[in-house]
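*Asks:* Take a look at this one; I'll ask things after.
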Amino acid sequence: MPKREDIHHILVIGSGPIIIGQACEFDYSGNQAVKALKDEGYEVSLINPNPATVMTTPGIADHIFLEPLTVDYVEKIFQQVGPDAILSTMGGQTALNLTMELQKKGILEKYGVKVIGASIDAIEKAEDRGAFKDIVTSIGLESAKSMVVHNLDEARKAHEQIPLPIIIRPSFTLGGMGGSIANTEDEYLDLVEHALDISPAHEALLEESLIGWKEFEMEVMRDHKDNAIIVCSIENVDPMGVHTGDSITIAPIQTLSDRQYQRMRTASIDILRAVGVDCGGSNVQFAMQPDTDRMIVIEMNPRVSRSSALASKVTGFPIARCSAKLAVGYTLDEVMNEITGQSVSCFEPALDYVAVKVPRFELEKFPLPSSALGTQMRSVGEALAIGRTAQEAINKGIRASERKFEGLVPLDRSSNDVDTLLRSAHPLRLLAAYTVISEQKDPEAMAACIDNISTITGFDRFFLWTLVEQAVLDRRISEGLDEALLREAKIQGMSDKRIAQLCGKDTAQIKAMRDSHRIKSCAHFVDTCAGEFEALTPYCYMTYGEEDEGQPLGENAVVIVASGPNRIGQGLEFDTCCTLASLAFRKAGRKTIMVNSNPETVSTDFNISDRLYISPLTAEEVIAILEKEGTRDVVVQLGGQTPLNMAKDLEAWGANIIGTPLEGIDATEDRGQFSELVRKLGLRQPRNHMAGTPGEVFQCSHDIGFPVLLRPSFVLGGRSMFIAYDDAGLAEFFEKSGVSISPQAPVLVDQFLEDAFEYDLDAVSDGEHVYVGGILQHIEAAGIHSGDSASVFPPYKSKPEILEQMRQWTLRLAREIPVRGMMNIQFAEKDGLLYIIEVNPRASRTVPFISKSSGVNMIETAVRVWNGDDLVKQGLVKPNQDIAEGHCITGWAIKESVFSFDRFVNVDPQLGPEMRSTGEVVGMGRSFGEAYAKSQDAAGNELPTSGKVVISVNKKDRKTIVPIARALQEMGFSISATRGTARDLFDEGVLTDVVLKTHDGHPNIVDMLRHHRVDLVINTPMGFHSRRSDDEIRSEAMRNKVPYTTTTSAASAAVEAIRYLRRQEHIVRELPDRK
Amino acid sequence: MEKGYLLLSDGRLFSGMLFGATGICCGELVFNTSMSGYPEILTDPSYNGQIVLMTYPLIGNYGVDQNWNESCGIKATALVVKRLYQGPLPAGRTSLDDFLRDQGVCAITDVDTRALTLHIRRNGSQNAVIFPEGKESQAREMLRTFPKITERNLIEDVSVKEAKSLSEETPRPRYNIALADFGIKRSIVENFQKRGASVTLLPPTFKAEDVLGKGYDMLFLSNGPGDPELLQDAVAQVKACLGKIPVCGICLGHQIITWALGGRTVKMAYGHHGGNHPVKDLDTGKTFVTSQNHGFMSDIESLPKSVHIWFVNANDNTVEGLYDSGLRVRSVQFHPEASPGPQDATWIFDKFLEELKNA
């Protein structure tokens, strides 16, 4: 059947900011969909306020709107560019929810816009748990015993039929948010009440607990001719009770007989048919009772998902691209399989390898109690590893998650309560099982303990046997390594480092031994067909002991080391940088080789690079790829800290680090060298000392003077950073952070510039000239991590001479280091003095944001510099000048951070020097107010247009707050102020209510927030002594989703934004298509 | 485990570790891309005379349950895998190693199955020998003299010697099927029985008169091993039945029907063996995923015009099924009974039985 001719222009809805449960997999899928639709000749518009994405890069869609994902803005887009269809299945739950809202409000009908991808009816059937359960029953399948309730009375009745433990899931929430498990009578009703509260439909599903059952997932595609295929089957290593996103998973399914598998397969297709998904992909989840055939259908998602991105990378089958084609009328047999080029998409990929996904948690930033994992997703990213055996893939997967475990290794019992971990749904449970197995006296005892561990943990015997095989191998290695054993260890995915640890050698010795015995890794293709057809698309993984495939790309090729699993501080932005670099290199005629372990990303799409490797990002593995491909050129400055950390090892091997040389990197990364550099160039940085012992930290702090900022060296995202105001604060740092301090791993003690203005500057240099993409000024007060602060491009409140000084310092640094390629500098200004906080000789988080809002693709600029075109030749810097700077194309662009605190009930949503945001959005506008309003809207912070404002500002701000308060009052807000502020406002003729400060009794500000009686808080820092009360106000405001500003500049920004909002304009601006 | 080797007729040698029964064994090496279902594959009589290479690397994970057998025991000549699972199994299951040993079938693990698969893809299926260390010269000699698959009668060992009625298994039959057994898979019989048919197995040496006028509603030609061209006696008997009784067939049965209709079959380079092959129904335009296992195929050019091509393989456009309404003939190359593989084509059995209503 040909494509649909009744539609011509399709709006693709993106998923917005990265939050836990909705990450860059939707950039990947949206990007594929946009490309597929354009290939078919459709005009494509895109709405997504996430500037970090690849999909919002100019040139990808015909019309790009970085606007909030709300009905109002979409309606404006309908008016402005007139799409006649929207694709709802590419932007996760956010896009589905927005589509449903557009439908309910009659907007789709009003503008004659058709929904393609999944019909409204199918979305409703799949999402409404009651309706879905009926469907499952009607086709002869079984659901868990369950009931939908809307109030506590119904919940009491339901419990008469469903025994404890009961799983409670609120309807219509993202990634199972707000889900819980009630184990006791006492907590049951409380948890139900919470679920009802957070469900937009005030509805919750109560379910028989299947905890401990085996869990499976099927990725299914179906077209309008009822052709259906299973793209991939996935088995969760963690049993039921752990959210799929938090489970270690393996593909394909390992432990089901063909009969069981086929039953599940047929059931999946029957479910799609019954729900009515007939033009796209869905995933269906199942549970099976261990050792029986009882199979329970858990749920389905009628859209592409995190699992479908994973399945695409596991199999090579591009689910999103294919879904987009089905959405416009094609059938599976009409879509060619691009990997083979000679088979059709209506087939089921055959794997001849095993793929393991290991989730990435941020246990330091979001500490988990021992039994933490449940029905709500907590992991922030994931790594994929491919191997020829389960053992190999698990070892690589654990390594790829970059949690400092060299594969399957026993846990250190002195710092881990192994027995508790074993009994808990915890990220370390698999390693706890490994620990117990590896402690057994001999292989027989190891095998003998499998049944017991399986009962405790719910891990299938198959997986535990894999651990036993690894434990036996470990023991043999520790008894003495020979050639045959080394070969075996490499085949099973062990790193040189781990082998070295076990046999008491060092890593280099193992590498030398490998080289002398010619134990080399080899590449295999991921070809969708287990070798049955020749693969055209070069998507590879490395393994050992087998025949190498694929001709080396040779010296012309450049390896790009990407950023690995998403984590706080290193995510989508870096993937976008790597992707854009690959495209830019190829445009310039160079071949590219992408190395990454993150299956959610665009960079691991098979047509971004000339060759793609799914591999753990370690020096050993990147070197193996360089050896295989016969090239030495490697880019390390685009993937965040991960590639930089291996730069030294790569260079030692003989790699040519493209761009800024290694000494330059060290000069900025090493705090001591950096201070030297600053002194040499006559720049200024906050007073600082390196401290190698706790005693030195105390001494330095007193020398510098409090407050001080403490940070361990070589970290990203402000991990373990801390501001201490006195000795007690220092003590708290040592106690809380768990940082082990030594002369080898010193702590940097910095003068903390309280109340300073902070800036981020992103630039490209050719070593001689500098092109500053833009300077961002933070809105929040100093002390909040730059990744967590809202920031404005261009600076909204700074003196021209300070900005000029920044440029000159940048130039001096760029020439001295010398920087070739990307650099990012953080500045602070206090009392008219400029300080340099840090220099990063690499792409920063803000590069995609600056590139889009300035219209200059900075990554492409850097790539051209590397290829020999200096900035003058590129026309970015005038021939007689040294430096030039970009400007914001709309006037103002504001980046706002987005958090996932609502996932962690017990985590204090307090911001500080340690980064905790998971994503970002942009607001762009002609006026500051428009930009700020949009940034808040897109981030889900609703600025009020009426109501009550609470103001509490420090003495210094008492003058500047007056016009703000007056403006708010004029717009009809009622104002409450704390005593001092109220008195000063009164003196200026602004009459306000008086509210008590937090510790002055009740009712105070926090009480008011708690009772939802406040719509906006303006609270500037009162200095150290009221820091705690400031924190409390902020936490309470965040918990209740009340907008909160910490500076008068942010407050006046809010006022301007409110003005814009009150005009109800919803201006949408198309990103200009500048190359 | 003992060290062993796999040697191909073109000289390629692979090493590995032996399991299952000990000895030297020779057969045609084919690869199968199914990711599950090794017990069904091993016991499928169509694999008689063939060494099966599983492209999926982990084999034996869930053990063996004799209830899954497609015939009385293992019919494949030998098994080649990347990694044999040797760990604990659910209660009541046998390990794959034990199953092979009990049945006297050799196997080899730790083989670079990927390289082997690519080699077969590029050079075609061929004879191979598996042997233990120290038996190389013996093995080479055996391989050198071993007949090609096109020269071997593989049917005798896997079919009934004389007619055998299974009528007691279908209490109130609605149909009577004469099933010519060339190495029938159990699940094909079960699919007919489930639909109310009483089945009588006829030996491959059956005559038209054993079928015609004996109260049968249909002649069904089973799957089986080897080259259909060698079965010209059976072809002649089928020809004699055409037009007089509905004739249906699966796999080898389909190939025999091809010959009986005046067409011919040809050997494929490396065949279709797996559970993921897309087949397009030319009548409805629908495509579905099928289980397949064949190394020969109908030559589309050789078939008379009166024959309708029912299905083609969506990847390579080879014939996957045909029918002739006038003659009431219907056959498929793939395996609608699955076992192992996707069960999306079980409706084919209903289509077969519909031919009876057209009588």
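We label chains A, B, ... in the order they appear in the structure tokens, count residues from 1 in each chain, and number ligands from 1 in the order shown.
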Please list as a PyMOL selection string every residue within 12 Å of Ile499 (chain A), counting only C-alpha atoms and excluding residues in the same chain fewer than 6 positions away.
*Replies:* chain A and resi 406-409+470+473-482+485-490+492-493+505-511+513-514
*Asks:* Considering only C-alpha atoms, return as a ChimeraX atom specification whatever protein or nucleic-acid residues lie within 12 Å of Ser36 (chain B), sequence-local ones (same chain, fewer than 3 positions apart) excluded.
*Replies:* /A:233,252-262,350-352 /B:32-33,39-42,54-64,274-276,291,338-342
*Asks:* Residues as selected, C-alpha atoms, written as a PDB file, in the first residue's frame, can you do that?
*Replies:*
```pdb
ATOM      1  CA  SER A 233      12.392 -10.357  23.294  1.00  0.00           C
ATOM      2  CA  PRO A 252      16.992 -12.386  23.685  1.00  0.00           C
ATOM      3  CA  ILE A 253      15.021 -14.347  26.295  1.00  0.00           C
ATOM      4  CA  GLN A 254      17.307 -17.040  27.728  1.00  0.00           C
ATOM      5  CA  THR A 255      15.321 -19.264  30.009  1.00  0.00           C
ATOM      6  CA  LEU A 256      12.049 -20.014  28.237  1.00  0.00           C
ATOM      7  CA  SER A 257      11.408 -23.122  26.187  1.00  0.00           C
ATOM      8  CA  ASP A 258      10.243 -22.576  22.643  1.00  0.00           C
ATOM      9  CA  ARG A 259       6.708 -23.485  23.668  1.00  0.00           C
ATOM     10  CA  GLN A 260       6.657 -20.879  26.409  1.00  0.00           C
ATOM     11  CA  TYR A 261       8.295 -18.307  24.189  1.00  0.00           C
ATOM     12  CA  GLN A 262       5.864 -18.860  21.329  1.00  0.00           C
ATOM     13  CA  ALA A 350      17.830 -13.370  14.645  1.00  0.00           C
ATOM     14  CA  LEU A 351      20.624 -12.682  17.097  1.00  0.00           C
ATOM     15  CA  ASP A 352      23.887 -14.575  17.283  1.00  0.00           C
TER      16      ASP A 352
ATOM     17  CA  ASN B  32      19.609 -22.751  11.821  1.00  0.00           C
ATOM     18  CA  THR B  33      18.907 -19.212  13.059  1.00  0.00           C
ATOM     19  CA  PRO B  39      15.016 -30.008  21.262  1.00  0.00           C
ATOM     20  CA  GLU B  40      12.377 -29.763  18.546  1.00  0.00           C
ATOM     21  CA  ILE B  41      15.021 -29.152  15.885  1.00  0.00           C
ATOM     22  CA  LEU B  42      17.138 -32.130  16.950  1.00  0.00           C
ATOM     23  CA  MET B  54      22.822 -23.238  15.822  1.00  0.00           C
ATOM     24  CA  THR B  55      23.696 -19.611  15.063  1.00  0.00           C
ATOM     25  CA  TYR B  56      22.351 -18.513  18.443  1.00  0.00           C
ATOM     26  CA  PRO B  57      25.372 -18.951  20.717  1.00  0.00           C
ATOM     27  CA  LEU B  58      23.850 -20.167  24.004  1.00  0.00           C
ATOM     28  CA  ILE B  59      22.279 -23.588  23.650  1.00  0.00           C
ATOM     29  CA  GLY B  60      20.916 -25.905  26.303  1.00  0.00           C
ATOM     30  CA  ASN B  61      19.787 -23.090  28.634  1.00  0.00           C
ATOM     31  CA  TYR B  62      16.445 -24.611  29.513  1.00  0.00           C
ATOM     32  CA  GLY B  63      17.314 -28.292  29.101  1.00  0.00           C
ATOM     33  CA  VAL B  64      15.206 -30.891  27.372  1.00  0.00           C
ATOM     34  CA  GLY B 274      15.058 -20.790  11.165  1.00  0.00           C
ATOM     35  CA  GLY B 275      12.030 -19.229  12.743  1.00  0.00           C
ATOM     36  CA  ASN B 276      12.004 -15.754  11.244  1.00  0.00           C
ATOM     37  CA  SER B 291       9.276 -21.480  10.745  1.00  0.00           C
ATOM     38  CA  ALA B 338       5.915 -24.368  13.887  1.00  0.00           C
ATOM     39  CA  SER B 339       7.471 -26.406  16.710  1.00  0.00           C
ATOM     40  CA  PRO B 340       9.778 -24.670  17.006  1.00  0.00           C
ATOM     41  CA  GLY B 341       8.946 -21.233  15.736  1.00  0.00           C
ATOM     42  CA  PRO B 342       6.153 -18.716  15.408  1.00  0.00           C
TER      43      PRO B 342
END
```
*Asks:* Quick one: which residues from chain A are at most 7 Å off chain B, using only C-alpha atoms, as a PyMOL selection string?
*Replies:* chain A and resi 225+227-228+254-258+262+266+291+333+342-344+346-348+350-353+388-389+461-462+465+530-532+546-547
*Asks:* Return as a short mmCIF file (atom, residue, chain, number, x, y, z; two decimals) with C-alpha atoms, in the first residue's frame the full set of residues in region 417-539 of chain A whose backbone-based DSSP assignment is helix (DSSP H, G or I).
*Replies:*
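result.cif written:
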```cif
data_model
loop_
_atom_site.label_atom_id
_atom_site.label_comp_id
_atom_site.auth_asym_id
_atom_site.auth_seq_id
_atom_site.Cartn_x
_atom_site.Cartn_y
_atom_site.Cartn_z
CA VAL A 418 26.17 -8.15 51.43
CA ASP A 419 23.54 -10.24 53.16
CA THR A 420 21.08 -7.36 53.31
CA LEU A 421 21.79 -6.43 49.69
CA LEU A 422 21.10 -10.01 48.69
CA ARG A 429 22.06 -7.29 44.38
CA LEU A 430 23.65 -9.16 41.46
CA LEU A 431 27.12 -8.34 42.74
CA ALA A 432 26.03 -9.38 46.22
CA ALA A 433 25.05 -12.76 44.76
CA TYR A 434 28.40 -12.89 43.02
CA THR A 435 30.14 -12.12 46.30
CA VAL A 436 28.47 -15.01 48.09
CA ILE A 437 29.20 -17.42 45.25
CA SER A 438 32.82 -16.41 44.97
CA PRO A 443 33.26 -25.06 42.40
CA GLU A 444 30.97 -27.78 43.81
CA ALA A 445 30.01 -25.58 46.74
CA MET A 446 29.44 -22.68 44.36
CA ALA A 447 27.05 -24.74 42.27
CA ALA A 448 25.39 -26.06 45.39
CA ILE A 450 22.59 -21.66 43.49
CA ASP A 451 19.19 -22.94 44.58
CA ASN A 452 19.38 -21.13 47.86
CA ILE A 453 20.44 -17.82 46.30
CA SER A 454 17.80 -18.20 43.61
CA THR A 455 15.13 -18.54 46.29
CA ILE A 456 16.37 -15.46 48.15
CA THR A 457 16.93 -13.20 45.18
CA ARG A 461 19.39 -20.44 38.07
CA PHE A 462 20.65 -19.76 34.56
CA PHE A 463 22.05 -16.38 35.57
CA LEU A 464 23.47 -17.66 38.83
CA TRP A 465 25.23 -20.42 36.92
CA THR A 466 26.85 -17.69 34.81
CA LEU A 467 28.12 -16.16 38.04
CA VAL A 468 29.46 -19.53 39.15
CA GLU A 469 31.34 -19.93 35.88
CA GLN A 470 32.87 -16.49 36.41
CA ALA A 471 33.79 -17.25 40.02
CA VAL A 472 35.50 -20.47 38.96
CA LEU A 473 37.38 -18.60 36.26
CA ASP A 474 38.44 -15.91 38.75
CA ARG A 475 39.80 -18.57 41.04
CA ARG A 476 41.75 -20.30 38.30
CA ILE A 477 43.30 -17.00 37.28
CA SER A 478 44.31 -16.20 40.81
CA GLU A 483 48.13 -18.31 27.71
CA ALA A 484 45.10 -20.58 27.44
CA LEU A 485 43.55 -19.15 30.59
CA LEU A 486 44.18 -15.58 29.48
CA ARG A 487 42.47 -16.35 26.20
CA GLU A 488 39.51 -17.81 28.04
CA ALA A 489 39.30 -14.82 30.36
CA LYS A 490 39.24 -12.42 27.43
CA ILE A 491 36.58 -14.52 25.67
CA ASP A 496 43.03 -6.65 31.52
CA LYS A 497 42.74 -4.68 34.73
CA ARG A 498 40.56 -7.29 36.42
CA ILE A 499 42.77 -10.15 35.27
CA ALA A 500 45.77 -8.22 36.57
CA GLN A 501 44.11 -7.70 39.96
CA LEU A 502 43.39 -11.41 40.26
CA CYS A 503 46.87 -12.65 39.44
CA THR A 507 47.49 -4.07 33.63
CA ALA A 508 50.37 -3.35 31.26
CA GLN A 509 51.81 -6.81 31.89
CA ILE A 510 48.53 -8.42 30.87
CA LYS A 511 48.40 -6.33 27.71
CA ALA A 512 52.01 -7.30 26.94
CA MET A 513 51.18 -10.96 27.51
CA ARG A 514 48.20 -10.64 25.19
CA ASP A 515 50.30 -9.00 22.53
CA SER A 516 53.02 -11.63 22.75
#
```
*Asks:* Report as a list in words: the residues of region 266-300 of chain B with a DSSP assignment of strand (DSSP E), based on the backbone of this structure.
*Replies:*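 Restricting region 266-300 of chain B to strand (DSSP E) produces Val266, Lys267, Met268, Ala269, Tyr270, Gly271, His272, His273, Gly274, Gly275, Asn276, His277, Pro278, Val279, Lys280, Asp281, Thr287, Phe288, Val289, Thr290, Ser291, Gln292, Asn293, His294, Gly295, Phe296, Met297 and Ser298 of chain B.
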*Asks:* Can you tell me which residues surround region 202-217 of chain B at a distance of at most 6 Å, considering only C-alpha atoms, apart from same-chain residues fewer than 4 positions away, and format the answer as a PyMOL selection string?
*Replies:* chain B and resi 160-163+176-177+179-182+237+241
*Asks:* How would the residues just picked look written out with C-alpha atoms as a short mmCIF file (atom, residue, chain, number, x, y, z; two decimals), in the first residue's frame?
*Replies:*
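again09.cif, written as the output of this step:
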```
data_model
loop_
_atom_site.label_atom_id
_atom_site.label_comp_id
_atom_site.auth_asym_id
_atom_site.auth_seq_id
_atom_site.Cartn_x
_atom_site.Cartn_y
_atom_site.Cartn_z
CA VAL B 160 7.01 -46.05 8.91
CA LYS B 161 7.72 -49.34 7.17
CA GLU B 162 4.07 -50.23 6.77
CA ALA B 163 0.75 -48.49 7.05
CA ASN B 176 -9.80 -39.42 7.23
CA ILE B 177 -6.36 -38.51 6.09
CA LEU B 179 -0.57 -39.35 5.45
CA ALA B 180 2.42 -40.39 3.37
CA ASP B 181 5.24 -40.47 5.88
CA PHE B 182 8.65 -39.33 4.72
CA GLN B 237 2.02 -42.31 -7.15
CA CYS B 241 -3.88 -39.47 -7.28
#
```
*Asks:* Env of Pro743 (chain A): 8 Å cut, atoms = only C-alpha atoms, seq-sep filter 3 positions within chain, self excluded. Answer as a list of chain:residue names.
*Replies:*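 The residues that qualify are A:Ala691, A:Gly692, A:Thr693, A:Pro746.
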*Asks:* Could you write out that same residue set with N, CA and C atoms as a PDB file, in the first residue's frame?
*Replies:*
```pdb
ATOM      1  N   ALA A 691      44.594  20.391  49.394  1.00  0.00           N
ATOM      2  CA  ALA A 691      44.815  19.786  50.699  1.00  0.00           C
ATOM      3  C   ALA A 691      44.852  18.278  50.550  1.00  0.00           C
ATOM      4  N   GLY A 692      45.922  17.681  51.058  1.00  0.00           N
ATOM      5  CA  GLY A 692      46.097  16.238  50.904  1.00  0.00           C
ATOM      6  C   GLY A 692      45.711  15.444  52.136  1.00  0.00           C
ATOM      7  N   THR A 693      45.392  16.154  53.229  1.00  0.00           N
ATOM      8  CA  THR A 693      44.946  15.467  54.442  1.00  0.00           C
ATOM      9  C   THR A 693      43.824  16.302  55.051  1.00  0.00           C
ATOM     10  N   PRO A 746      43.721  14.677  46.268  1.00  0.00           N
ATOM     11  CA  PRO A 746      43.547  15.803  47.174  1.00  0.00           C
ATOM     12  C   PRO A 746      42.182  16.475  47.014  1.00  0.00           C
TER      13      PRO A 746
END
```
*Asks:* Identify, on the basis of only C-alpha atoms, every residue whose closest approach to region 132-147 of chain A does not exceed 6 Å; exclude the query and any residue fewer than 6 positions from it along the same chain; express the result as a ChimeraX atom specification.
*Replies:* /A:125-126,205-208,296-297
*Asks:* So which residues touch Tyr47 (chain B) within 8 Å, counting only C-alpha atoms, skipping near sequence neighbours fewer than 4 positions away, as a list of chain:residue names?
*Replies:*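 Skipping anything fewer than 4 positions along the chain leaves B:Ile41, B:Leu42, B:Thr43, B:Ile51, B:Val52, B:Lys75, B:Ala76, B:Thr77, B:Gly224, B:Pro225.
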*Asks:* Ser222 (chain B): which residues within 9 Å, counting only C-alpha atoms, same-chain residues fewer than 5 positions away excluded, as a list in words?
*Replies:*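 Here the answer would be Leu179, Ala180, Asp181, Phe182, Gly183, Ile184, Lys185, Ile188, Cys248, Gly249, Ile250, Cys251, Leu252, Gly253 and His254 of chain B.
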*Asks:* Could the residues in this selection be written to a file with N, CA and C atoms, as an mmCIF file, in the first residue's frame?
*Replies:*
```cif
data_model
loop_
_atom_site.group_PDB
_atom_site.id
_atom_site.type_symbol
_atom_site.label_atom_id
_atom_site.label_comp_id
_atom_site.auth_asym_id
_atom_site.auth_seq_id
_atom_site.Cartn_x
_atom_site.Cartn_y
_atom_site.Cartn_z
ATOM 1 N N LEU B 179 -1.738 -40.204 5.305
ATOM 2 C CA LEU B 179 -0.566 -39.353 5.450
ATOM 3 C C LEU B 179 0.678 -40.114 5.018
ATOM 4 N N ALA B 180 1.208 -39.724 3.857
ATOM 5 C CA ALA B 180 2.424 -40.394 3.372
ATOM 6 C C ALA B 180 3.597 -39.895 4.195
ATOM 7 N N ASP B 181 4.219 -40.834 4.882
ATOM 8 C CA ASP B 181 5.239 -40.475 5.882
ATOM 9 C C ASP B 181 6.638 -40.539 5.287
ATOM 10 N N PHE B 182 7.243 -39.372 5.155
ATOM 11 C CA PHE B 182 8.652 -39.329 4.722
ATOM 12 C C PHE B 182 9.552 -38.923 5.893
ATOM 13 N N GLY B 183 8.948 -38.880 7.073
ATOM 14 C CA GLY B 183 9.683 -38.422 8.256
ATOM 15 C C GLY B 183 8.848 -37.360 8.953
ATOM 16 N N ILE B 184 7.609 -37.733 9.276
ATOM 17 C CA ILE B 184 6.619 -36.764 9.765
ATOM 18 C C ILE B 184 7.005 -36.175 11.125
ATOM 19 N N LYS B 185 6.709 -34.898 11.289
ATOM 20 C CA LYS B 185 6.842 -34.264 12.604
ATOM 21 C C LYS B 185 5.551 -34.505 13.371
ATOM 22 N N ILE B 188 2.628 -31.992 13.233
ATOM 23 C CA ILE B 188 1.758 -31.922 12.048
ATOM 24 C C ILE B 188 0.566 -32.858 12.261
ATOM 25 N N CYS B 248 -2.461 -32.553 -0.302
ATOM 26 C CA CYS B 248 -1.802 -31.424 0.360
ATOM 27 C C CYS B 248 -0.435 -31.861 0.860
ATOM 28 N N GLY B 249 0.414 -30.882 1.137
ATOM 29 C CA GLY B 249 1.741 -31.247 1.619
ATOM 30 C C GLY B 249 2.464 -30.103 2.283
ATOM 31 N N ILE B 250 3.433 -30.489 3.088
ATOM 32 C CA ILE B 250 4.274 -29.513 3.773
ATOM 33 C C ILE B 250 5.730 -29.860 3.485
ATOM 34 N N CYS B 251 6.528 -28.837 3.162
ATOM 35 C CA CYS B 251 7.971 -28.970 3.037
ATOM 36 C C CYS B 251 8.358 -29.990 1.960
ATOM 37 N N LEU B 252 8.903 -31.163 2.344
ATOM 38 C CA LEU B 252 9.245 -32.170 1.332
ATOM 39 C C LEU B 252 7.985 -32.558 0.556
ATOM 40 N N GLY B 253 6.861 -32.612 1.275
ATOM 41 C CA GLY B 253 5.582 -32.928 0.635
ATOM 42 C C GLY B 253 5.254 -31.916 -0.454
ATOM 43 N N HIS B 254 5.514 -30.674 -0.178
ATOM 44 C CA HIS B 254 5.298 -29.605 -1.153
ATOM 45 C C HIS B 254 6.210 -29.801 -2.363
#
```
*Asks:* Pick out the closest residue to Val30 (chain B) from this set: B:Arg144, B:Lys351, B:Lys239, B:His294. Count only C-alpha atoms.
*Replies:*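 Of all the options, B:His294 lies closest to Val30 (chain B).
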*Asks:* For a quick check of understanding, using only C-alpha atoms, which of A:Gly329, A:Ser345, A:Ser305, A:His150 has the smallest distance to Leu37 (chain A)?
*Replies:*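 For Leu37 (chain A), the nearest of the candidates is A:Gly329.
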